[in-house]
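Content type compact mmCIF, C-alpha atoms, from the file data.txt:
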```txt
# COMPACT_ATOMS: atom_id res chain seq x y z
CA MET A 1 -9.42 17.58 33.51
CA GLN A 2 -9.24 17.92 29.75
CA PRO A 3 -5.98 19.08 28.10
CA GLU A 4 -5.79 22.59 26.72
CA ALA A 5 -6.35 23.25 23.04
CA ILE A 6 -3.33 22.46 20.90
CA ARG A 7 -1.20 25.32 19.62
CA GLY A 8 1.21 25.40 16.71
CA GLY A 9 -1.20 24.45 13.92
CA ASP A 10 -4.69 25.35 12.82
CA MET A 11 -7.42 23.72 10.73
CA ARG A 12 -8.01 27.07 9.08
CA ASP A 13 -4.92 26.19 7.05
CA LEU A 14 -7.08 23.68 5.21
CA ALA A 15 -8.47 26.54 3.14
CA THR A 16 -4.93 27.31 2.00
CA ALA A 17 -3.94 23.69 1.45
CA VAL A 18 -7.02 23.07 -0.75
CA GLN A 19 -7.95 26.44 -2.18
CA ASP A 20 -10.86 25.23 -4.33
CA VAL A 21 -13.64 24.57 -1.83
CA GLU A 22 -15.82 22.84 -4.44
CA HIS A 23 -12.99 20.39 -5.07
CA LEU A 24 -12.44 19.96 -1.34
CA VAL A 25 -15.98 18.81 -0.62
CA GLU A 26 -15.84 16.37 -3.53
CA MET A 27 -12.60 14.74 -2.41
CA GLN A 28 -12.73 11.11 -1.33
CA PRO A 29 -11.92 10.50 2.37
CA GLU A 30 -8.51 8.97 1.66
CA GLU A 31 -7.70 11.82 -0.73
CA LEU A 32 -8.51 14.52 1.83
CA ALA A 33 -6.81 12.46 4.53
CA SER A 34 -3.47 12.94 2.74
CA THR A 35 -3.82 16.68 3.40
CA LEU A 36 -5.45 16.42 6.80
CA ILE A 37 -2.79 14.18 8.31
CA PHE A 38 -0.01 16.69 7.59
CA LEU A 39 -2.04 19.54 9.05
CA LEU A 40 -2.47 17.42 12.18
CA LYS A 41 1.23 16.56 12.15
CA LYS A 42 2.11 20.26 11.94
CA ARG A 43 -0.35 20.98 14.72
CA ILE A 44 1.07 18.31 17.02
CA ASP A 45 4.73 19.03 16.25
CA GLY A 46 4.19 22.72 16.93
CA GLY A 47 2.29 22.29 20.18
CA GLN A 48 3.09 21.35 23.72
CA GLN A 49 0.53 18.52 23.67
CA ARG A 50 0.88 15.53 21.34
CA MET A 51 -2.86 15.08 20.92
CA VAL A 52 -5.78 16.45 18.95
CA ILE A 53 -9.55 16.27 19.17
CA LEU A 54 -12.02 16.43 16.32
CA GLY A 55 -14.35 18.96 17.93
CA ASN A 56 -11.64 21.59 18.25
CA CYS A 57 -10.60 21.07 14.65
CA LEU A 58 -14.16 21.45 13.38
CA ASN A 59 -14.67 24.61 15.40
CA GLU A 60 -11.64 26.18 13.78
CA LEU A 61 -13.20 25.77 10.33
CA GLY A 62 -15.49 28.66 11.23
CA THR A 63 -13.08 30.71 13.36
CA ARG A 64 -12.13 34.17 12.08
CA ASP A 65 -8.50 35.13 11.56
CA ASN A 66 -6.84 38.40 12.58
CA GLN A 67 -8.43 40.15 9.62
CA GLY A 68 -11.88 38.94 10.60
CA LYS A 69 -12.16 36.44 7.75
CA VAL A 70 -13.44 32.90 8.11
CA PRO A 71 -11.73 30.12 6.11
CA PHE A 72 -15.02 28.82 4.72
CA GLU A 73 -18.24 30.73 4.12
CA ASP A 74 -21.43 29.55 5.81
CA GLN A 75 -22.82 27.91 2.67
CA TRP A 76 -19.75 25.65 2.49
CA ARG A 77 -18.86 25.05 6.10
CA GLY A 78 -21.29 22.20 6.72
CA LYS A 79 -20.08 20.31 3.66
CA VAL A 80 -16.46 20.92 4.60
CA GLU A 81 -17.12 19.59 8.10
CA VAL A 82 -18.63 16.40 6.67
CA ALA A 83 -15.60 15.93 4.41
CA VAL A 84 -13.20 16.45 7.34
CA ILE A 85 -15.18 14.07 9.57
CA GLU A 86 -15.04 11.39 6.86
CA ALA A 87 -11.29 11.89 6.35
CA TRP A 88 -10.76 11.79 10.14
CA ALA A 89 -12.75 8.55 10.38
CA TRP A 90 -10.71 7.08 7.53
CA LEU A 91 -7.46 7.92 9.33
CA GLU A 92 -8.75 6.21 12.46
CA ALA A 93 -9.89 3.15 10.50
CA GLN A 94 -6.40 2.82 8.99
CA GLY A 95 -4.77 3.02 12.42
CA LEU A 96 -3.01 6.28 11.54
CA LEU A 97 -4.92 8.31 14.12
CA VAL A 98 -5.30 6.44 17.41
CA PRO A 99 -6.67 7.15 20.90
CA VAL A 100 -4.23 8.52 23.45
CA PRO A 101 -3.80 6.29 26.50
CA GLY A 102 -6.11 6.67 29.48
CA THR A 103 -9.31 8.63 29.94
CA ASN A 104 -8.33 11.32 27.43
CA GLY A 105 -8.50 8.72 24.67
CA GLN A 106 -11.94 7.67 25.87
CA ASN A 107 -13.02 11.31 25.66
CA GLY A 108 -12.04 11.60 21.99
CA TRP A 109 -8.43 12.79 22.11
CA ARG A 110 -6.22 11.28 19.43
CA ARG A 111 -2.54 11.06 18.53
CA LEU A 112 -0.68 10.09 15.39
CA SER A 113 0.30 6.44 15.22
CA ARG A 114 3.95 5.47 15.03
CA ARG A 115 3.57 4.81 11.31
CA ALA A 116 1.95 8.20 10.73
CA GLU A 117 4.70 9.95 12.66
CA ARG A 118 7.21 8.59 10.16
CA PHE A 119 5.51 10.24 7.20
CA GLN A 120 7.72 13.07 5.98
CA ASP A 121 5.70 14.25 2.99
CA GLU A 122 2.80 13.30 0.73
CA ARG A 123 5.05 10.93 -1.21
CA ASP A 124 5.42 8.82 1.94
CA PHE A 125 1.65 8.87 2.38
CA SER A 126 1.06 7.90 -1.26
CA GLN A 127 3.47 5.02 -0.84
CA TYR A 128 1.54 3.88 2.21
CA LEU A 129 -1.70 3.99 0.22
CA ALA A 130 -0.17 1.86 -2.50
CA THR A 131 0.93 -0.80 -0.01
CA ARG A 132 -2.69 -1.18 1.07
CA TYR A 133 -3.65 -2.39 -2.40
CA LEU A 134 -1.67 -5.62 -2.01
CA ARG A 135 -4.13 -7.79 -0.14
CA LYS A 136 -2.62 -10.67 1.77
CA GLU A 137 -5.67 -12.88 1.34
CA LEU A 138 -5.24 -12.79 -2.45
CA LEU A 139 -1.65 -14.03 -2.35
CA HIS A 140 -0.60 -17.63 -2.87
CA PRO A 141 0.19 -19.42 0.42
CA LYS A 142 3.84 -19.75 -0.59
CA ILE A 143 4.33 -15.97 -0.65
CA ALA A 144 1.49 -14.62 1.49
CA ALA A 145 3.49 -14.15 4.68
CA SER A 146 7.01 -13.26 3.58
CA VAL A 147 6.23 -11.19 0.51
CA TRP A 148 3.36 -9.28 2.08
CA SER A 149 5.45 -8.43 5.15
CA ALA A 150 8.37 -7.20 3.02
CA PHE A 151 5.97 -5.13 0.93
CA LEU A 152 4.47 -3.44 3.97
CA ARG A 153 7.95 -2.61 5.25
CA GLY A 154 8.64 -0.86 1.96
CA GLU A 155 11.24 -3.47 0.93
CA PHE A 156 9.85 -3.72 -2.58
CA ASP A 157 12.96 -5.27 -4.13
CA VAL A 158 12.91 -7.99 -1.47
CA ALA A 159 9.21 -8.64 -2.05
CA VAL A 160 9.73 -9.02 -5.81
CA PHE A 161 12.74 -11.29 -5.41
CA GLN A 162 11.02 -13.54 -2.87
CA ALA A 163 7.91 -13.80 -5.04
CA MET A 164 9.84 -14.80 -8.16
CA LYS A 165 12.14 -17.08 -6.18
CA ALA A 166 9.01 -18.89 -5.00
CA VAL A 167 7.97 -19.33 -8.63
CA GLU A 168 11.35 -20.82 -9.53
CA THR A 169 11.25 -23.17 -6.53
CA SER A 170 7.68 -24.25 -7.26
CA VAL A 171 8.51 -25.01 -10.90
CA ARG A 172 11.52 -27.11 -9.86
CA GLU A 173 9.55 -29.06 -7.27
CA ALA A 174 6.54 -29.60 -9.53
CA ALA A 175 8.76 -30.78 -12.38
CA GLY A 176 10.60 -33.20 -10.08
CA TYR A 177 14.02 -31.66 -10.62
CA SER A 178 16.90 -31.59 -8.14
CA GLU A 179 18.25 -28.66 -6.13
CA SER A 180 21.02 -28.22 -8.69
CA ASP A 181 18.44 -27.26 -11.32
CA TYR A 182 17.56 -23.58 -11.39
CA GLY A 183 17.23 -20.49 -13.55
CA LEU A 184 16.11 -20.01 -17.12
CA ASP A 185 17.34 -23.35 -18.41
CA MET A 186 15.38 -25.23 -15.76
CA VAL A 187 12.20 -23.24 -16.41
CA ARG A 188 12.43 -23.76 -20.17
CA ARG A 189 12.91 -27.51 -19.71
CA ALA A 190 9.96 -27.71 -17.31
CA PHE A 191 7.63 -26.02 -19.79
CA HIS A 192 9.20 -27.32 -22.99
CA PRO A 193 6.28 -27.54 -25.46
CA GLU A 194 7.16 -31.10 -26.51
CA LYS A 195 8.65 -32.86 -23.49
CA GLY A 196 8.35 -30.55 -20.50
CA PRO A 197 6.79 -32.21 -17.44
CA LEU A 198 4.66 -29.11 -16.81
CA THR A 199 3.48 -28.53 -20.36
CA SER A 200 -0.10 -29.31 -21.36
CA SER A 201 -0.40 -31.99 -24.00
CA THR A 202 -3.93 -30.86 -24.87
CA ALA A 203 -3.06 -27.20 -25.52
CA PRO A 204 -2.11 -25.97 -29.01
CA LYS A 205 1.64 -25.86 -29.61
CA ALA A 206 1.64 -22.06 -29.89
CA GLU A 207 0.09 -21.78 -26.41
CA ARG A 208 2.62 -24.23 -24.96
CA GLU A 209 5.46 -22.18 -26.42
CA ALA A 210 3.91 -18.97 -25.11
CA LEU A 211 3.62 -20.38 -21.60
CA MET A 212 7.28 -21.43 -21.64
CA ALA A 213 8.21 -17.93 -22.78
CA LEU A 214 6.02 -16.36 -20.08
CA PHE A 215 7.72 -18.23 -17.25
CA ALA A 216 11.22 -17.77 -18.68
CA GLY A 217 10.60 -14.09 -19.30
CA ALA A 218 9.33 -13.52 -15.76
CA ILE A 219 12.27 -15.31 -14.12
CA GLY A 220 14.78 -13.68 -16.45
CA SER A 221 13.36 -10.18 -16.02
CA TYR A 222 12.42 -10.06 -12.34
CA LYS A 223 14.21 -12.84 -10.44
CA ASN A 224 17.64 -13.14 -12.02
CA PRO A 225 18.60 -9.43 -11.91
CA HIS A 226 17.80 -9.29 -8.18
CA SER A 227 19.92 -12.42 -7.65
CA HIS A 228 23.06 -10.99 -9.24
CA ARG A 229 23.07 -7.29 -8.41
CA ASP A 230 21.32 -4.59 -6.41
CA VAL A 231 18.21 -3.47 -8.29
CA GLU A 232 16.60 -0.29 -7.02
CA LEU A 233 12.83 -0.62 -6.86
CA SER A 234 11.06 2.22 -5.10
CA ASP A 235 7.70 2.25 -6.87
CA PRO A 236 5.17 0.24 -4.81
CA VAL A 237 2.75 -0.01 -7.74
CA GLU A 238 5.39 -1.57 -9.99
CA ALA A 239 6.40 -3.95 -7.23
CA MET A 240 2.77 -4.91 -6.63
CA GLU A 241 2.30 -5.68 -10.34
CA VAL A 242 5.34 -7.98 -10.36
CA VAL A 243 4.21 -9.71 -7.17
CA MET A 244 0.79 -10.34 -8.66
CA LEU A 245 2.43 -11.71 -11.81
CA ALA A 246 4.37 -14.14 -9.62
CA ASN A 247 1.15 -14.96 -7.81
CA HIS A 248 -0.50 -15.85 -11.13
CA LEU A 249 2.44 -18.01 -12.18
CA LEU A 250 2.25 -19.93 -8.90
CA ARG A 251 -1.43 -20.62 -9.58
CA ILE A 252 -0.50 -21.98 -13.00
CA VAL A 253 2.08 -24.31 -11.48
CA ASP A 254 -0.56 -25.56 -9.05
CA THR A 255 -2.86 -26.26 -11.96
CA ARG A 256 -0.17 -28.13 -13.90
CA THR A 257 0.60 -30.26 -10.85
CA ALA A 258 -3.09 -31.07 -10.40
CA ASP A 259 -3.46 -31.91 -14.09
CA GLU A 260 -0.47 -34.24 -13.91
CA GLY A 261 -1.97 -36.02 -10.92
CA SER A 262 -5.33 -36.48 -12.64
CA GLU A 263 -3.71 -37.92 -15.78
CA THR A 264 -1.89 -40.54 -13.73
```
Is it possible to give me this structure as structure tokens?
Amino acid sequence: MQPEAIRGGDMRDLATAVQDVEHLVEMQPEELASTLIFLLKKRIDGGQQRMVILGNCLNELGTRDNQGKVPFEDQWRGKVEVAVIEAWAWLEAQGLLVPVPGTNGQNGWRRLSRRAERFQDERDFSQYLATRYLRKELLHPKIAASVWSAFLRGEFDVAVFQAMKAVETSVREAAGYSESDYGLDMVRRAFHPEKGPLTSSTAPKAEREALMALFAGAIGSYKNPHSHRDVELSDPVEAMEVVMLANHLLRIVDTRTADEGSET
């Protein structure tokens, strides 16, 4: 026996949420998904059942309201349906819309995932989208697990600190310094353009000085502040940029270590 149609939400609201139908049909799946998921959330929260099915939602796109109006005219409905199907498929692919347990799930009924249920507004959804852009496979092995996990949890300050701490640790180890060496002074000594163990003797002096400044600037700007005080960091894009900077610096340290080994 299939569950009854959900009450307390209606896909006809899509015409109100995105009033320009031409824009609606041109939206990318993830863009329309940011609207669709909150219509589904409203539908589920307002109903007695905590499940939805695509067929019912598509049917409502052509259902007349109390005034006899349909949300989308015939010439647009097919294109709107395709856009909704694509957005629905994207939500499923991201694990935000999942099958309900048992035979109902096999018959196409879906529920919001635990992550999706925590979304309060489109800002939460946008933040989730941004976290997807940090790909674990692109991260250096020293930060791939810890930093990526912190980033996905929304702990952006922790992710940045751990990434830059890994840079500091890698510089110290590659330069052969002791545990008592740390911070800006240690980094500047490691990349000192004349006598630093991680400097490149074949590079022009200006480039050696620039590399020392790059590492010192990164540690001083992004690692040290997080070590000494609480630094609020709520923008996932900014955090991602800093993490990728740390990732690049770790690659440079690897290269310097390899160069040192080849020279010996």
Can you work out which one of A:Asn59, A:Asn247, A:Glu117, A:Val52 has the shortest atom-to-atom distance to Glu137 (chain A), counting only C-alpha atoms? A:Asn247
What's the 7 Å shell around Ala33 (chain A), counting only C-alpha atoms, without same-chain residues fewer than 5 positions away, as a PyMOL selection string? chain A and resi 87-88+91
If we count all atoms listed in the file, what is near region 152-159 of chain A at a cut-off of 8 Å, once residues fewer than 2 positions away on the same chain are taken out, given as a ChimeraX atom specification? /A:131,146-150,161-163,226,231-236,239,243
Counting all atoms listed in the file, which of A:Val18, A:Ser170, A:Lys205, A:Arg118 gets nearest to Ile143 (chain A)? A:Ser170
If we count only C-alpha atoms and set the cut-off at 9 Å, which residues sit around region 206-222 of chain A, ignoring sequence neighbours fewer than 5 positions away in its own chain? Please answer as a list in words. Val160, Phe161, Met164, Lys165, Val167, Glu168, Gly183, Leu184, Asp185, Val187, Arg188, Arg189, Ala190, Phe191, His192, Pro193, Glu194, Thr199, Ser200, Ser201, Val242, Leu245, Ala246 and Leu249 of chain A
For CA of Arg111 (chain A) and CA of Glu92 (chain A), determine how far apart the two atoms are, in Å to one decimal place. 9.9 Å
Can you pull out the residues contacting Lys79 (chain A)? Cut-off 12 Å, using all atoms listed in the file, and skip same-chain residues under 2 positions away; I want them as a PyMOL selection string. chain A and resi 21-27+58+61+72-77+81-86
Here is a test: counting only C-alpha atoms, which residue of A:Arg12, A:Arg110, A:Lys142, A:Lys136 is nearest to Pro71 (chain A)?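 Selected residue with least distance to Pro71 (chain A): A:Arg12.
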Quick one: of A:Leu39, A:Ala130, A:Leu14, A:Met186, who's nearest to Arg172 (chain A), counting all atoms listed in the file?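 Residue with the minimum atom-to-atom distance to Arg172 (chain A): A:Met186.
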Distance in Å - CA of Lys195 (chain A) versus CA of Tyr177 (chain A): 14.0 Å
